[in-house]
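The structure appears right after this line, and notes come after that.
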Amino acid sequence: MPLMAAPQIRIVESTDIFRGQTEIMIRHDGVIYRMKITRQGKLILNK
């Protein structure tokens with residue numbers, strides 16, 4: 001049986017998402033989430 005290749009996982013750069021901002025809102029399944037870059041450079045996602 002031939003081996004199946006694993007699907008490629010997409011990588012998105014945070015700079016492309018944030019575009020110079022430190023906070024964005026994401027709508028997922030009708031719910032708004034807030035993603036923020038902290039002063040330490042970490043990401044926080046809140047509902």
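Ordering of the structure tokens sets the chain letters (A, B, ...); residue numbers start at 1 within each chain; ligands are numbered from 1 in the order shown.
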For segment 38-47 of chain A, find every residue with an atom within 12 Å (counting only C-alpha atoms), except residues of its own chain fewer than 6 positions away, and show them as a ChimeraX atom specification. /A:14-15,18,21-28,30-32
Take the residues from that selection and write them out as a PDB file, in the first residue's frame, keeping N, CA, C and O atoms.
ATOM      1  N   SER A  14       2.493  36.434  12.022  1.00  0.00           N
ATOM      2  CA  SER A  14       1.701  37.348  12.854  1.00  0.00           C
ATOM      3  C   SER A  14       1.760  38.778  12.319  1.00  0.00           C
ATOM      4  O   SER A  14       0.776  39.520  12.418  1.00  0.00           O
ATOM      5  N   THR A  15       2.876  39.149  11.702  1.00  0.00           N
ATOM      6  CA  THR A  15       2.974  40.502  11.135  1.00  0.00           C
ATOM      7  C   THR A  15       1.958  40.706  10.016  1.00  0.00           C
ATOM      8  O   THR A  15       1.458  41.813   9.825  1.00  0.00           O
ATOM      9  N   PHE A  18      -1.505  41.138  12.104  1.00  0.00           N
ATOM     10  CA  PHE A  18      -1.629  42.337  12.937  1.00  0.00           C
ATOM     11  C   PHE A  18      -1.385  43.638  12.172  1.00  0.00           C
ATOM     12  O   PHE A  18      -1.878  44.685  12.570  1.00  0.00           O
ATOM     13  N   GLN A  21      -0.471  46.648  14.222  1.00  0.00           N
ATOM     14  CA  GLN A  21      -1.292  46.838  15.428  1.00  0.00           C
ATOM     15  C   GLN A  21      -0.852  45.830  16.490  1.00  0.00           C
ATOM     16  O   GLN A  21      -0.117  44.891  16.212  1.00  0.00           O
ATOM     17  N   THR A  22      -1.321  46.038  17.726  1.00  0.00           N
ATOM     18  CA  THR A  22      -1.020  45.071  18.784  1.00  0.00           C
ATOM     19  C   THR A  22      -2.252  44.281  19.198  1.00  0.00           C
ATOM     20  O   THR A  22      -2.164  43.395  20.043  1.00  0.00           O
ATOM     21  N   GLU A  23      -3.393  44.579  18.585  1.00  0.00           N
ATOM     22  CA  GLU A  23      -4.629  43.891  18.957  1.00  0.00           C
ATOM     23  C   GLU A  23      -5.526  43.767  17.735  1.00  0.00           C
ATOM     24  O   GLU A  23      -5.649  44.702  16.948  1.00  0.00           O
ATOM     25  N   ILE A  24      -6.130  42.598  17.574  1.00  0.00           N
ATOM     26  CA  ILE A  24      -7.095  42.384  16.499  1.00  0.00           C
ATOM     27  C   ILE A  24      -8.306  41.644  17.055  1.00  0.00           C
ATOM     28  O   ILE A  24      -8.244  41.045  18.128  1.00  0.00           O
ATOM     29  N   MET A  25      -9.396  41.689  16.329  1.00  0.00           N
ATOM     30  CA  MET A  25     -10.601  40.949  16.679  1.00  0.00           C
ATOM     31  C   MET A  25     -10.779  39.867  15.614  1.00  0.00           C
ATOM     32  O   MET A  25     -10.583  40.119  14.418  1.00  0.00           O
ATOM     33  N   ILE A  26     -11.160  38.678  16.065  1.00  0.00           N
ATOM     34  CA  ILE A  26     -11.373  37.547  15.170  1.00  0.00           C
ATOM     35  C   ILE A  26     -12.781  37.027  15.379  1.00  0.00           C
ATOM     36  O   ILE A  26     -13.175  36.746  16.517  1.00  0.00           O
ATOM     37  N   ARG A  27     -13.552  36.905  14.304  1.00  0.00           N
ATOM     38  CA  ARG A  27     -14.884  36.313  14.394  1.00  0.00           C
ATOM     39  C   ARG A  27     -14.759  34.844  14.018  1.00  0.00           C
ATOM     40  O   ARG A  27     -14.263  34.499  12.949  1.00  0.00           O
ATOM     41  N   HIS A  28     -15.199  33.970  14.919  1.00  0.00           N
ATOM     42  CA  HIS A  28     -15.173  32.530  14.685  1.00  0.00           C
ATOM     43  C   HIS A  28     -16.516  31.956  15.081  1.00  0.00           C
ATOM     44  O   HIS A  28     -16.929  32.070  16.246  1.00  0.00           O
ATOM     45  N   GLY A  30     -19.416  33.001  14.604  1.00  0.00           N
ATOM     46  CA  GLY A  30     -20.335  34.012  15.118  1.00  0.00           C
ATOM     47  C   GLY A  30     -19.923  34.656  16.433  1.00  0.00           C
ATOM     48  O   GLY A  30     -20.609  35.539  16.928  1.00  0.00           O
ATOM     49  N   VAL A  31     -18.821  34.232  16.998  1.00  0.00           N
ATOM     50  CA  VAL A  31     -18.338  34.764  18.277  1.00  0.00           C
ATOM     51  C   VAL A  31     -17.093  35.604  18.007  1.00  0.00           C
ATOM     52  O   VAL A  31     -16.231  35.211  17.220  1.00  0.00           O
ATOM     53  N   ILE A  32     -16.996  36.763  18.670  1.00  0.00           N
ATOM     54  CA  ILE A  32     -15.839  37.650  18.505  1.00  0.00           C
ATOM     55  C   ILE A  32     -14.794  37.339  19.579  1.00  0.00           C
ATOM     56  O   ILE A  32     -15.106  37.272  20.763  1.00  0.00           O
TER      57      ILE A  32
END
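Every residue of chain A found in strand (DSSP E) when DSSP is run on the backbone appears here: A:Glu23, A:Ile24, A:Met25, A:Ile26, A:Arg27, A:His28, A:Val31, A:Ile32, A:Tyr33, A:Arg34, A:Met35, A:Lys36, A:Ile37, A:Leu43, A:Ile44, A:Leu45, A:Asn46.
Backbone DSSP over chain A yields alpha helix (DSSP H) at A:Ser14, A:Thr15, A:Asp16, A:Ile17, A:Phe18.
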Please save all heavy atoms of the selected residues as a compact mmCIF listing (two decimals), in the first residue's frame.
# COMPACT_ATOMS: atom_id res chain seq x y z
N SER A 14 2.49 36.43 12.02
CA SER A 14 1.70 37.35 12.85
C SER A 14 1.76 38.78 12.32
O SER A 14 0.78 39.52 12.42
CB SER A 14 2.17 37.30 14.31
OG SER A 14 3.51 37.74 14.42
N THR A 15 2.88 39.15 11.70
CA THR A 15 2.97 40.50 11.13
C THR A 15 1.96 40.71 10.02
O THR A 15 1.46 41.81 9.83
CB THR A 15 4.40 40.78 10.60
OG1 THR A 15 4.76 39.74 9.69
CG2 THR A 15 5.40 40.85 11.73
N ASP A 16 1.63 39.64 9.28
CA ASP A 16 0.61 39.73 8.23
C ASP A 16 -0.79 39.89 8.81
O ASP A 16 -1.65 40.52 8.21
CB ASP A 16 0.64 38.49 7.34
CG ASP A 16 1.92 38.38 6.52
OD1 ASP A 16 2.58 39.42 6.30
OD2 ASP A 16 2.25 37.26 6.11
N ILE A 17 -1.01 39.32 9.97
CA ILE A 17 -2.34 39.41 10.61
C ILE A 17 -2.50 40.74 11.33
O ILE A 17 -3.53 41.40 11.19
CB ILE A 17 -2.54 38.25 11.62
CG1 ILE A 17 -2.50 36.90 10.89
CG2 ILE A 17 -3.85 38.42 12.38
CD1 ILE A 17 -2.48 35.73 11.83
N PHE A 18 -1.50 41.14 12.10
CA PHE A 18 -1.63 42.34 12.94
C PHE A 18 -1.38 43.64 12.17
O PHE A 18 -1.88 44.68 12.57
CB PHE A 18 -0.69 42.24 14.15
CG PHE A 18 -1.19 41.32 15.21
CD1 PHE A 18 -0.82 39.99 15.24
CD2 PHE A 18 -2.05 41.78 16.19
CE1 PHE A 18 -1.30 39.13 16.22
CE2 PHE A 18 -2.53 40.94 17.18
CZ PHE A 18 -2.16 39.60 17.19
